[in-house]
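Visitor: File name upload.pdb; file contents PDB, C-alpha atoms; full text below.
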ATOM      1  CA  ILE M   1     -47.787  -6.033  49.603
ATOM      2  CA  TRP M   2     -44.581  -5.644  51.604
ATOM      3  CA  GLU M   3     -41.586  -3.401  51.022
ATOM      4  CA  VAL M   4     -38.691  -5.862  51.221
ATOM      5  CA  THR M   5     -35.962  -3.384  52.181
ATOM      6  CA  THR M   6     -37.905  -1.931  55.130
ATOM      7  CA  GLY M   7     -40.206  -4.816  56.023
ATOM      8  CA  THR M   8     -43.227  -2.490  56.063
ATOM      9  CA  MET M   9     -46.605  -3.261  54.538
ATOM     10  CA  THR M  10     -47.510  -0.823  51.762
ATOM     11  CA  TYR M  11     -51.085  -1.912  51.041
ATOM     12  CA  VAL M  12     -53.508  -4.850  51.177
ATOM     13  CA  ILE M  13     -55.006  -6.546  48.134
ATOM     14  CA  CYS M  14     -57.808  -9.089  48.007
ATOM     15  CA  GLY M  15     -59.552 -11.279  45.486
ATOM     16  CA  GLY M  16     -63.111 -11.032  46.726
ATOM     17  CA  GLY M  17     -63.723 -13.042  49.897
ATOM     18  CA  ASN M  18     -60.951 -15.517  50.611
ATOM     19  CA  THR M  19     -57.957 -15.018  48.326
ATOM     20  CA  TYR M  20     -57.048 -18.257  46.565
ATOM     21  CA  HIS M  21     -54.205 -17.312  44.278
ATOM     22  CA  LEU M  22     -52.068 -14.387  43.110
ATOM     23  CA  ASN M  23     -49.440 -14.061  40.426
ATOM     24  CA  TRP M  24     -47.045 -11.239  39.489
ATOM     25  CA  SER M  25     -46.724 -10.199  35.854
ATOM     26  CA  PRO M  26     -43.297 -10.820  34.259
ATOM     27  CA  ASP M  27     -42.427  -7.109  34.490
ATOM     28  CA  SER M  28     -43.506  -6.960  38.181
ATOM     29  CA  LYS M  29     -45.916  -4.090  37.451
ATOM     30  CA  ARG M  30     -49.209  -5.966  37.842
ATOM     31  CA  ILE M  31     -50.697  -8.673  40.053
ATOM     32  CA  VAL M  32     -53.651 -10.880  39.192
ATOM     33  CA  VAL M  33     -55.633 -12.045  42.225
ATOM     34  CA  THR M  34     -58.457 -14.591  42.443
ATOM     35  CA  GLY M  35     -60.794 -15.374  45.292
ATOM     36  CA  GLU M  36     -64.152 -16.973  45.980
ATOM     37  CA  SER M  37     -66.039 -15.159  43.231
ATOM     38  CA  ASP M  38     -65.840 -15.697  39.467
ATOM     39  CA  ILE M  39     -64.147 -12.311  39.080
ATOM     40  CA  ALA M  40     -60.353 -11.956  39.071
ATOM     41  CA  LEU M  41     -58.826  -8.590  39.957
ATOM     42  CA  LEU M  42     -55.874  -7.080  38.131
ATOM     43  CA  TRP M  43     -53.933  -4.722  40.415
ATOM     44  CA  ASP M  44     -51.284  -2.099  39.790
ATOM     45  CA  ALA M  45     -48.379  -3.343  41.916
ATOM     46  CA  ALA M  46     -46.952   0.129  42.616
ATOM     47  CA  SER M  47     -50.107   1.924  43.727
ATOM     48  CA  GLY M  48     -52.424  -0.884  44.841
ATOM     49  CA  ARG M  49     -55.077   0.423  42.435
ATOM     50  CA  ILE M  50     -57.422  -2.023  40.684
ATOM     51  CA  LEU M  51     -56.782  -1.760  36.955
ATOM     52  CA  ARG M  52     -59.642  -3.986  35.799
ATOM     53  CA  THR M  53     -61.731  -7.032  36.589
ATOM     54  CA  VAL M  54     -61.625 -10.274  34.628
ATOM     55  CA  GLN M  55     -64.529 -12.710  34.418
ATOM     56  CA  HIS M  56     -63.383 -16.336  34.371
ATOM     57  CA  TYR M  57     -66.087 -18.790  33.440
ATOM     58  CA  GLY M  58     -64.590 -22.271  33.394
ATOM     59  CA  SER M  59     -61.722 -21.912  35.871
ATOM     60  CA  LEU M  60     -62.555 -24.152  38.809
ATOM     61  CA  GLU M  61     -59.081 -23.783  40.333
ATOM     62  CA  LYS M  62     -59.181 -19.993  39.882
ATOM     63  CA  VAL M  63     -55.507 -19.946  38.864
ATOM     64  CA  PHE M  64     -54.172 -17.451  36.322
ATOM     65  CA  THR M  65     -50.699 -17.580  34.776
ATOM     66  CA  TRP M  66     -49.081 -14.851  32.681
ATOM     67  CA  SER M  67     -47.705 -15.316  29.196
ATOM     68  CA  PRO M  68     -43.927 -14.748  29.097
ATOM     69  CA  ASP M  69     -44.401 -11.307  27.509
ATOM     70  CA  GLY M  70     -47.113 -10.304  30.002
ATOM     71  CA  THR M  71     -49.775  -9.581  27.373
ATOM     72  CA  ARG M  72     -52.098 -12.529  28.079
ATOM     73  CA  LEU M  73     -53.439 -14.582  30.965
ATOM     74  CA  LEU M  74     -54.183 -18.318  30.984
ATOM     75  CA  THR M  75     -56.749 -19.938  33.271
ATOM     76  CA  THR M  76     -56.807 -23.555  34.423
ATOM     77  CA  GLY M  77     -59.966 -25.597  34.818
ATOM     78  CA  LEU M  78     -62.984 -27.003  33.050
ATOM     79  CA  ILE M  79     -62.402 -24.792  30.000
ATOM     80  CA  PRO M  80     -58.999 -23.045  30.054
ATOM     81  CA  GLU M  81     -59.196 -19.572  28.567
ATOM     82  CA  ILE M  82     -56.711 -17.100  27.107
ATOM     83  CA  ILE M  83     -57.447 -13.550  28.222
ATOM     84  CA  ASP M  84     -56.084 -10.240  26.935
ATOM     85  CA  ALA M  85     -54.374  -8.699  29.968
ATOM     86  CA  SER M  86     -54.808  -5.137  28.688
ATOM     87  CA  THR M  87     -58.576  -5.352  28.188
ATOM     88  CA  GLY M  88     -59.676  -8.301  30.320
ATOM     89  CA  MET M  89     -61.480  -9.746  27.309
ATOM     90  CA  ARG M  90     -61.473 -13.461  26.554
ATOM     91  CA  LEU M  91     -59.596 -14.198  23.319
ATOM     92  CA  TYR M  92     -60.399 -17.908  22.994
ATOM     93  CA  SER M  93     -60.777 -21.161  24.912
ATOM     94  CA  LEU M  94     -58.688 -24.332  24.764
ATOM     95  CA  GLN M  95     -61.465 -26.657  23.678
ATOM     96  CA  ASP M  96     -61.404 -29.870  21.696
ATOM     97  CA  ASP M  97     -63.989 -32.615  21.280
ATOM     98  CA  SER M  98     -61.410 -35.219  22.354
ATOM     99  CA  ILE M  99     -60.476 -33.516  25.663
ATOM    100  CA  ARG M 100     -62.583 -32.613  28.681
ATOM    101  CA  TYR M 101     -61.443 -30.792  31.804
ATOM    102  CA  ILE M 102     -57.823 -29.673  31.905
ATOM    103  CA  GLY M 103     -56.162 -29.627  35.323
ATOM    104  CA  ALA M 104     -52.628 -28.420  34.516
ATOM    105  CA  THR M 105     -51.363 -25.763  32.104
ATOM    106  CA  SER M 106     -48.012 -24.186  31.254
ATOM    107  CA  TRP M 107     -46.715 -21.609  28.749
ATOM    108  CA  SER M 108     -43.671 -22.425  26.648
ATOM    109  CA  PRO M 109     -40.683 -20.105  27.286
ATOM    110  CA  ASP M 110     -41.282 -18.214  24.022
ATOM    111  CA  GLY M 111     -45.045 -17.993  24.621
ATOM    112  CA  LYS M 112     -45.903 -19.730  21.340
ATOM    113  CA  LEU M 113     -47.215 -23.004  22.807
ATOM    114  CA  ILE M 114     -49.273 -24.056  25.808
ATOM    115  CA  ALA M 115     -48.930 -27.515  27.328
ATOM    116  CA  THR M 116     -51.866 -29.017  29.215
ATOM    117  CA  GLY M 117     -52.284 -32.142  31.316
ATOM    118  CA  ASN M 118     -54.876 -34.087  33.279
ATOM    119  CA  GLY M 119     -57.359 -33.809  30.447
ATOM    120  CA  SER M 120     -59.994 -36.516  30.191
ATOM    121  CA  ASP M 121     -60.842 -38.439  27.022
ATOM    122  CA  PRO M 122     -64.683 -38.433  26.804
ATOM    123  CA  LYS M 123     -64.657 -41.818  25.057
ATOM    124  CA  ASN M 124     -62.793 -43.859  27.673
ATOM    125  CA  GLY M 125     -61.917 -41.461  30.520
ATOM    126  CA  ALA M 126     -58.174 -41.861  29.922
ATOM    127  CA  ASN M 127     -55.841 -39.105  31.086
ATOM    128  CA  ILE M 128     -54.400 -37.150  28.168
ATOM    129  CA  GLY M 129     -52.288 -34.072  27.604
ATOM    130  CA  ALA M 130     -51.936 -31.757  24.649
ATOM    131  CA  LEU M 131     -49.926 -28.983  23.035
ATOM    132  CA  TRP M 132     -51.848 -25.920  21.836
ATOM    133  CA  ASP M 133     -50.984 -22.996  19.577
ATOM    134  CA  ALA M 134     -50.997 -20.008  21.941
ATOM    135  CA  GLU M 135     -51.953 -17.592  19.160
ATOM    136  CA  THR M 136     -54.991 -19.462  17.848
ATOM    137  CA  GLY M 137     -56.017 -21.842  20.634
ATOM    138  CA  LYS M 138     -55.895 -24.771  18.208
ATOM    139  CA  LYS M 139     -54.578 -28.162  19.357
ATOM    140  CA  VAL M 140     -51.172 -28.952  17.856
ATOM    141  CA  ARG M 141     -50.535 -32.412  19.271
ATOM    142  CA  ARG M 142     -52.155 -34.849  21.658
ATOM    143  CA  LEU M 143     -49.937 -36.313  24.373
ATOM    144  CA  ASN M 144     -51.119 -39.767  25.378
ATOM    145  CA  THR M 145     -50.170 -39.633  29.027
ATOM    146  CA  TYR M 146     -52.557 -42.365  30.286
ATOM    147  CA  PHE M 147     -51.796 -41.184  33.817
ATOM    148  CA  GLY M 148     -52.439 -38.124  35.952
ATOM    149  CA  VAL M 149     -50.204 -35.110  35.280
ATOM    150  CA  ASN M 150     -49.827 -32.906  38.339
ATOM    151  CA  ASN M 151     -47.227 -30.431  37.109
ATOM    152  CA  ILE M 152     -45.835 -29.350  33.720
ATOM    153  CA  ILE M 153     -42.418 -27.691  33.490
ATOM    154  CA  TRP M 154     -40.798 -26.624  30.195
ATOM    155  CA  ASN M 155     -37.064 -26.860  29.764
ATOM    156  CA  PRO M 156     -35.377 -23.469  29.115
ATOM    157  CA  ASP M 157     -35.164 -23.794  25.321
ATOM    158  CA  GLY M 158     -38.726 -25.109  24.944
ATOM    159  CA  SER M 159     -37.735 -28.370  23.259
ATOM    160  CA  SER M 160     -39.047 -30.701  25.962
ATOM    161  CA  LEU M 161     -41.308 -30.943  28.991
ATOM    162  CA  ALA M 162     -40.949 -32.482  32.417
ATOM    163  CA  THR M 163     -44.164 -33.705  34.005
ATOM    164  CA  ILE M 164     -44.928 -35.292  37.352
ATOM    165  CA  GLY M 165     -47.439 -38.064  36.873
ATOM    166  CA  SER M 166     -48.950 -41.460  37.664
ATOM    167  CA  ASP M 167     -51.942 -41.845  39.926
ATOM    168  CA  ASP M 168     -49.893 -41.171  43.052
ATOM    169  CA  GLY M 169     -47.453 -38.595  41.632
ATOM    170  CA  THR M 170     -44.350 -40.767  41.896
ATOM    171  CA  LYS M 171     -42.864 -40.559  38.394
ATOM    172  CA  ILE M 172     -41.095 -37.902  36.313
ATOM    173  CA  TYR M 173     -41.578 -38.023  32.545
ATOM    174  CA  ILE M 174     -39.544 -36.160  29.926
ATOM    175  CA  TRP M 175     -41.456 -35.356  26.717
ATOM    176  CA  ASP M 176     -40.025 -34.604  23.293
ATOM    177  CA  ILE M 177     -42.109 -31.732  21.888
ATOM    178  CA  ARG M 178     -41.404 -32.613  18.258
ATOM    179  CA  THR M 179     -42.542 -36.241  18.443
ATOM    180  CA  GLY M 180     -44.808 -36.360  21.494
ATOM    181  CA  SER M 181     -42.849 -39.339  22.839
ATOM    182  CA  PHE M 182     -41.759 -39.610  26.459
ATOM    183  CA  ARG M 183     -39.400 -41.520  28.718
ATOM    184  CA  THR M 184     -39.557 -42.176  32.449
ATOM    185  CA  LEU M 185     -36.877 -40.452  34.480
ATOM    186  CA  SER M 186     -37.736 -41.744  37.931
ATOM    187  CA  ASP M 187     -39.913 -44.001  40.007
ATOM    188  CA  TYR M 188     -40.178 -42.707  43.571
ATOM    189  CA  PRO M 189     -41.815 -44.556  46.476
ATOM    190  CA  HIS M 190     -43.212 -41.183  47.649
ATOM    191  CA  ASP M 191     -44.920 -38.161  46.126
ATOM    192  CA  ILE M 192     -42.717 -35.768  44.167
ATOM    193  CA  THR M 193     -43.074 -32.031  44.577
ATOM    194  CA  PRO M 194     -42.526 -29.744  41.542
ATOM    195  CA  VAL M 195     -39.223 -30.187  39.737
ATOM    196  CA  SER M 196     -36.836 -27.542  38.379
ATOM    197  CA  TRP M 197     -34.620 -27.432  35.291
ATOM    198  CA  SER M 198     -31.049 -26.176  35.332
ATOM    199  CA  PRO M 199     -30.613 -22.993  33.213
ATOM    200  CA  ASP M 200     -28.784 -24.944  30.483
ATOM    201  CA  GLY M 201     -31.474 -27.659  30.366
ATOM    202  CA  LYS M 202     -28.976 -30.456  31.002
ATOM    203  CA  TYR M 203     -30.138 -31.320  34.516
ATOM    204  CA  LEU M 204     -33.317 -31.592  36.529
ATOM    205  CA  ALA M 205     -33.752 -31.279  40.288
ATOM    206  CA  SER M 206     -36.548 -33.158  42.045
ATOM    207  CA  THR M 207     -37.665 -33.394  45.665
ATOM    208  CA  SER M 208     -39.582 -35.952  47.678
ATOM    209  CA  TYR M 209     -39.614 -37.342  51.217
ATOM    210  CA  GLU M 210     -36.302 -38.971  50.329
ATOM    211  CA  GLY M 211     -34.659 -35.581  49.805
ATOM    212  CA  VAL M 212     -33.342 -33.896  46.650
ATOM    213  CA  LYS M 213     -32.028 -35.616  43.522
ATOM    214  CA  ILE M 214     -30.199 -34.118  40.547
ATOM    215  CA  TRP M 215     -30.832 -35.910  37.257
ATOM    216  CA  GLU M 216     -28.727 -35.817  34.117
ATOM    217  CA  ILE M 217     -31.204 -35.574  31.245
ATOM    218  CA  LYS M 218     -28.972 -37.158  28.584
ATOM    219  CA  SER M 219     -28.372 -40.367  30.528
ATOM    220  CA  GLY M 220     -31.607 -40.327  32.505
ATOM    221  CA  LYS M 221     -29.677 -41.127  35.683
ATOM    222  CA  ALA M 222     -29.574 -39.453  39.095
ATOM    223  CA  ILE M 223     -26.035 -38.126  39.609
ATOM    224  CA  LEU M 224     -26.428 -36.443  43.028
ATOM    225  CA  THR M 225     -28.654 -36.908  46.058
ATOM    226  CA  PHE M 226     -29.169 -34.787  49.145
ATOM    227  CA  ASP M 227     -30.913 -36.317  52.127
ATOM    228  CA  ASP M 228     -33.276 -34.466  54.457
ATOM    229  CA  ALA M 229     -30.300 -32.886  56.202
ATOM    230  CA  LEU M 230     -29.073 -31.622  52.795
ATOM    231  CA  THR M 231     -25.809 -33.525  52.998
ATOM    232  CA  TYR M 232     -24.102 -34.382  49.724
ATOM    233  CA  ALA M 233     -24.070 -38.020  48.612
ATOM    234  CA  PRO M 234     -22.905 -39.133  45.148
ATOM    235  CA  VAL M 235     -25.012 -41.735  43.358
ATOM    236  CA  SER M 236     -23.141 -44.819  42.226
TER     237      SER M 236
END
Rewrite the structure from the file as C-alpha coordinates, please.

Guide:
Amino acid sequence: IWEVTTGTMTYVICGGGNTYHLNWSPDSKRIVVTGESDIALLWDAASGRILRTVQHYGSLEKVFTWSPDGTRLLTTGLIPEIIDASTGMRLYSLQDDSIRYIGATSWSPDGKLIATGNGSDPKNGANIGALWDAETGKKVRRLNTYFGVNNIIWNPDGSSLATIGSDDGTKIYIWDIRTGSFRTLSDYPHDITPVSWSPDGKYLASTSYEGVKIWEIKSGKAILTFDDALTYAPVS
(Lines of atoms letter the chains of each structure in order from A and count residues from 1; the text may use other names and numbers.)
(Lines give C-alpha, C1' and ligand atoms only; values in the text may rest on other atoms or scores of the structure.)
Protein backbone atom coordinates (compact mmCIF):
# COMPACT_ATOMS: atom_id res chain seq x y z
CA ILE A 1 0.00 0.00 0.00
CA TRP A 2 1.44 3.35 -1.07
CA GLU A 3 0.93 6.81 0.38
CA VAL A 4 -0.02 8.84 -2.69
CA THR A 5 1.05 12.26 -1.41
CA THR A 6 4.57 11.13 -0.45
CA GLY A 7 5.07 8.17 -2.77
CA THR A 8 6.25 6.00 0.14
CA MET A 9 5.19 2.42 0.77
CA THR A 10 3.35 2.03 4.07
CA TYR A 11 3.01 -1.76 4.21
CA VAL A 12 2.81 -4.93 2.11
CA ILE A 13 -0.25 -7.15 1.85
CA CYS A 14 -0.54 -10.58 0.28
CA GLY A 15 -3.19 -13.13 -0.53
CA GLY A 16 -1.32 -16.32 0.26
CA GLY A 17 1.28 -17.20 -2.38
CA ASN A 18 0.83 -15.24 -5.58
CA THR A 19 -1.74 -12.47 -5.22
CA TYR A 20 -4.41 -12.74 -7.91
CA HIS A 21 -6.84 -9.98 -7.10
CA LEU A 22 -7.57 -7.18 -4.62
CA ASN A 23 -10.50 -4.85 -4.20
CA TRP A 24 -11.08 -1.81 -1.96
CA SER A 25 -14.32 -1.54 0.00
CA PRO A 26 -16.60 1.37 -0.99
CA ASP A 27 -15.58 3.33 2.13
CA SER A 28 -11.84 2.70 1.44
CA LYS A 29 -11.37 1.21 4.92
CA ARG A 30 -10.90 -2.44 3.94
CA ILE A 31 -9.24 -4.46 1.18
CA VAL A 32 -10.11 -8.01 0.18
CA VAL A 33 -7.18 -9.95 -1.28
CA THR A 34 -7.13 -13.37 -2.95
CA GLY A 35 -4.21 -15.56 -3.91
CA GLU A 36 -3.38 -19.16 -4.71
CA SER A 37 -5.19 -20.67 -1.73
CA ASP A 38 -8.94 -21.00 -1.15
CA ILE A 39 -8.73 -18.41 1.63
CA ALA A 40 -9.32 -14.70 0.97
CA LEU A 41 -7.88 -12.16 3.40
CA LEU A 42 -9.74 -9.08 4.56
CA TRP A 43 -7.30 -6.31 5.54
CA ASP A 44 -7.69 -3.07 7.45
CA ALA A 45 -6.50 -0.48 4.92
CA ALA A 46 -5.19 1.98 7.52
CA SER A 47 -3.11 -0.37 9.66
CA GLY A 48 -2.37 -3.31 7.36
CA ARG A 49 -3.85 -5.66 9.96
CA ILE A 50 -5.73 -8.79 8.85
CA LEU A 51 -9.32 -8.46 10.04
CA ARG A 52 -10.49 -11.95 9.08
CA THR A 53 -10.16 -14.77 6.59
CA VAL A 54 -12.88 -15.83 4.17
CA GLN A 55 -13.19 -19.33 2.76
CA HIS A 56 -14.38 -19.34 -0.86
CA TYR A 57 -15.42 -22.73 -2.13
CA GLY A 58 -16.63 -22.36 -5.70
CA SER A 59 -14.69 -19.29 -6.86
CA LEU A 60 -12.33 -20.47 -9.58
CA GLU A 61 -11.40 -16.92 -10.60
CA LYS A 62 -10.83 -15.92 -6.95
CA VAL A 63 -12.43 -12.52 -7.56
CA PHE A 64 -14.44 -10.74 -4.86
CA THR A 65 -16.55 -7.63 -5.42
CA TRP A 66 -18.12 -5.48 -2.71
CA SER A 67 -21.80 -4.64 -2.46
CA PRO A 68 -22.41 -0.89 -2.89
CA ASP A 69 -22.94 -0.46 0.87
CA GLY A 70 -19.84 -2.50 1.75
CA THR A 71 -21.68 -5.06 3.89
CA ARG A 72 -21.36 -8.08 1.58
CA LEU A 73 -18.92 -9.69 -0.82
CA LEU A 74 -19.73 -11.52 -4.06
CA THR A 75 -17.53 -14.22 -5.56
CA THR A 76 -17.36 -15.25 -9.22
CA GLY A 77 -16.95 -18.83 -10.39
CA LEU A 78 -18.46 -22.28 -10.36
CA ILE A 79 -20.89 -21.36 -7.57
CA PRO A 80 -20.99 -17.60 -6.87
CA GLU A 81 -21.47 -16.88 -3.19
CA ILE A 82 -22.65 -13.92 -1.13
CA ILE A 83 -20.55 -13.45 1.99
CA ASP A 84 -21.15 -11.29 5.06
CA ALA A 85 -18.18 -8.91 5.12
CA SER A 86 -18.39 -8.38 8.89
CA THR A 87 -18.26 -12.07 9.82
CA GLY A 88 -16.80 -13.79 6.76
CA MET A 89 -19.72 -16.22 6.80
CA ARG A 90 -21.40 -17.40 3.62
CA LEU A 91 -24.99 -16.15 3.42
CA TYR A 92 -26.12 -18.05 0.31
CA SER A 93 -25.07 -19.21 -3.15
CA LEU A 94 -26.40 -18.19 -6.56
CA GLN A 95 -27.54 -21.62 -7.65
CA ASP A 96 -30.26 -22.72 -10.02
CA ASP A 97 -30.91 -26.03 -11.74
CA SER A 98 -31.02 -24.26 -15.13
CA ILE A 99 -27.60 -22.55 -14.79
CA ARG A 100 -24.13 -24.00 -14.32
CA TYR A 101 -20.90 -22.07 -13.87
CA ILE A 102 -21.15 -18.29 -13.82
CA GLY A 103 -18.18 -16.38 -15.23
CA ALA A 104 -19.26 -12.74 -14.80
CA THR A 105 -21.09 -10.97 -11.97
CA SER A 106 -22.08 -7.40 -11.14
CA TRP A 107 -24.02 -5.63 -8.36
CA SER A 108 -26.77 -3.18 -9.28
CA PRO A 109 -26.09 0.41 -8.11
CA ASP A 110 -28.59 0.10 -5.25
CA GLY A 111 -27.30 -3.35 -4.25
CA LYS A 112 -30.72 -5.00 -4.64
CA LEU A 113 -29.94 -7.08 -7.74
CA ILE A 114 -27.00 -9.07 -9.07
CA ALA A 115 -26.51 -9.64 -12.78
CA THR A 116 -24.59 -12.69 -13.96
CA GLY A 117 -23.32 -13.83 -17.35
CA ASN A 118 -21.51 -16.69 -19.05
CA GLY A 119 -23.69 -19.23 -17.30
CA SER A 120 -24.16 -22.57 -19.02
CA ASP A 121 -27.52 -24.25 -19.63
CA PRO A 122 -27.05 -27.91 -18.55
CA LYS A 123 -29.59 -29.07 -21.15
CA ASN A 124 -27.96 -27.66 -24.29
CA GLY A 125 -24.79 -25.84 -23.16
CA ALA A 126 -26.12 -22.47 -24.33
CA ASN A 127 -24.72 -19.32 -22.75
CA ILE A 128 -27.24 -17.64 -20.46
CA GLY A 129 -27.35 -14.76 -18.01
CA ALA A 130 -29.62 -14.02 -15.10
CA LEU A 131 -30.79 -11.43 -12.59
CA TRP A 132 -30.80 -12.45 -8.92
CA ASP A 133 -32.34 -10.97 -5.79
CA ALA A 134 -29.32 -9.86 -3.75
CA GLU A 135 -31.17 -10.30 -0.45
CA THR A 136 -32.36 -13.87 -0.98
CA GLY A 137 -30.15 -15.30 -3.73
CA LYS A 138 -33.23 -16.29 -5.73
CA LYS A 139 -33.25 -15.95 -9.53
CA VAL A 140 -35.48 -13.09 -10.70
CA ARG A 141 -35.14 -13.39 -14.46
CA ARG A 142 -33.22 -15.43 -16.99
CA LEU A 143 -31.41 -13.51 -19.72
CA ASN A 144 -31.14 -15.57 -22.88
CA THR A 145 -27.81 -14.29 -24.10
CA TYR A 146 -26.90 -17.25 -26.36
CA PHE A 147 -23.37 -15.84 -26.53
CA GLY A 148 -20.44 -15.33 -24.19
CA VAL A 149 -20.69 -12.37 -21.80
CA ASN A 150 -17.29 -11.06 -20.79
CA ASN A 151 -18.27 -7.97 -18.82
CA ILE A 152 -21.46 -6.64 -17.18
CA ILE A 153 -21.85 -2.92 -16.48
CA TRP A 154 -24.99 -1.38 -14.94
CA ASN A 155 -26.12 2.06 -16.00
CA PRO A 156 -26.16 4.61 -13.13
CA ASP A 157 -29.88 4.36 -12.35
CA GLY A 158 -29.95 0.55 -12.52
CA SER A 159 -32.57 0.35 -15.27
CA SER A 160 -30.37 -1.34 -17.88
CA LEU A 161 -27.16 -3.27 -18.41
CA ALA A 162 -24.37 -3.07 -20.94
CA THR A 163 -22.61 -6.34 -21.70
CA ILE A 164 -19.70 -7.22 -23.96
CA GLY A 165 -20.43 -10.48 -25.71
CA SER A 166 -20.29 -12.86 -28.67
CA ASP A 167 -17.72 -15.60 -28.92
CA ASP A 168 -14.93 -13.16 -29.76
CA GLY A 169 -16.05 -10.20 -27.61
CA THR A 170 -16.91 -7.88 -30.49
CA LYS A 171 -20.44 -6.74 -29.64
CA ILE A 172 -22.04 -4.46 -27.04
CA TYR A 173 -25.57 -5.31 -25.90
CA ILE A 174 -27.93 -3.07 -23.94
CA TRP A 175 -30.43 -4.95 -21.75
CA ASP A 176 -33.74 -3.69 -20.41
CA ILE A 177 -33.97 -4.94 -16.81
CA ARG A 178 -37.77 -4.88 -16.72
CA THR A 179 -38.33 -7.03 -19.81
CA GLY A 180 -35.06 -8.93 -20.24
CA SER A 181 -34.90 -7.83 -23.89
CA PHE A 182 -31.72 -6.54 -25.50
CA ARG A 183 -30.49 -4.66 -28.54
CA THR A 184 -27.09 -4.65 -30.22
CA LEU A 185 -25.19 -1.40 -29.94
CA SER A 186 -22.09 -2.27 -31.93
CA ASP A 187 -20.32 -4.82 -34.05
CA TYR A 188 -16.55 -4.34 -33.86
CA PRO A 189 -13.98 -6.18 -36.00
CA HIS A 190 -11.75 -6.38 -32.89
CA ASP A 191 -12.11 -7.24 -29.21
CA ILE A 192 -13.74 -4.62 -27.00
CA THR A 193 -12.33 -3.80 -23.60
CA PRO A 194 -14.71 -2.88 -20.74
CA VAL A 195 -17.13 -0.05 -21.47
CA SER A 196 -18.15 2.88 -19.25
CA TRP A 197 -21.45 4.73 -18.81
CA SER A 198 -21.71 8.50 -18.60
CA PRO A 199 -22.98 9.66 -15.16
CA ASP A 200 -26.40 10.56 -16.61
CA GLY A 201 -26.74 7.18 -18.37
CA LYS A 202 -27.30 8.77 -21.78
CA TYR A 203 -23.98 7.74 -23.31
CA LEU A 204 -21.58 4.83 -23.34
CA ALA A 205 -17.85 4.87 -24.06
CA SER A 206 -16.17 1.82 -25.58
CA THR A 207 -12.60 1.03 -26.59
CA SER A 208 -11.01 -1.36 -29.04
CA TYR A 209 -8.00 -1.48 -31.36
CA GLU A 210 -9.85 1.09 -33.45
CA GLY A 211 -9.76 3.62 -30.61
CA VAL A 212 -12.56 5.08 -28.47
CA LYS A 213 -16.20 5.51 -29.45
CA ILE A 214 -18.96 7.42 -27.67
CA TRP A 215 -22.44 5.97 -28.17
CA GLU A 216 -25.77 7.70 -27.69
CA ILE A 217 -28.00 5.15 -25.97
CA LYS A 218 -31.33 6.54 -27.21
CA SER A 219 -30.42 6.33 -30.89
CA GLY A 220 -27.96 3.46 -30.60
CA LYS A 221 -25.49 5.35 -32.79
CA ALA A 222 -21.83 6.27 -32.30
CA ILE A 223 -21.63 10.08 -32.15
CA LEU A 224 -17.87 10.53 -31.52
CA THR A 225 -14.72 8.57 -32.28
CA PHE A 226 -11.15 9.01 -31.11
CA ASP A 227 -8.41 7.18 -32.96
CA ASP A 228 -5.30 5.71 -31.34
CA ALA A 229 -3.76 9.17 -31.18
CA LEU A 230 -6.89 10.39 -29.32
CA THR A 231 -7.76 12.94 -31.98
CA TYR A 232 -11.39 13.99 -32.23
CA ALA A 233 -13.39 12.83 -35.25
CA PRO A 234 -17.18 13.27 -35.54
CA VAL A 235 -19.18 10.32 -36.85
CA SER A 236 -21.38 11.07 -39.83

Visitor: Could you check the closest approach to Phe64 (chain M) for each of M:Gly35, M:Gly48, M:Gly211, M:Gly129 and tell me which residue wins, using all atoms listed in the file?

Guide: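 For Phe64 (chain M), the nearest of the given residues is M:Gly35.
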
Visitor: Using all atoms listed in the file for the distances, tell me which of M:Val140, M:Ala205, M:Ala45, M:Val4 is nearest to Arg178 (chain M).

Guide: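 Nearest to Arg178 (chain M): M:Val140.
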
Visitor: Provide the CA of Gly220 (chain M) to CA of Asp133 (chain M) distance in Å, to one decimal place.

Guide: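 One can read the CA of Gly220 (chain M) to CA of Asp133 (chain M) distance as 29.0 Å.
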
Visitor: What residues come out when you apply the PyMOL selection byres ((chain M and resi 20) around 6) to this file, written as a list of chain:residue names?

Guide: M:Thr19, M:His21, M:Thr34, M:Gly35

Visitor: At most 10 Å from (-60.5, -10.6, 27.5), file frame, only C-alpha atoms: which residues, as an MDAnalysis selection string?

Guide: chainID M and resid 53:56 72:73 81:92

Visitor: Could you please determine the separation between CA of Gln95 (chain M) and CA of Gly137 (chain M) in Å, to one decimal place?

Guide: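 Atom-to-atom, CA of Gln95 (chain M) and CA of Gly137 (chain M) are spaced 7.9 Å apart.
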
Visitor: Of the candidates M:Tyr203, M:Trp175, M:Phe182, M:Trp2, which shows the shortest atom-to-atom distance to Glu216 (chain M), using all atoms listed in the file?

Guide: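 Result for the nearest residue to Glu216 (chain M): M:Tyr203.
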
Visitor: Would you mind reading off the distance between CA of Thr116 (chain M) and CA of Leu131 (chain M), one decimal, in Å?

Guide: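 Between CA of Thr116 (chain M) and CA of Leu131 (chain M) the gap is 6.5 Å.
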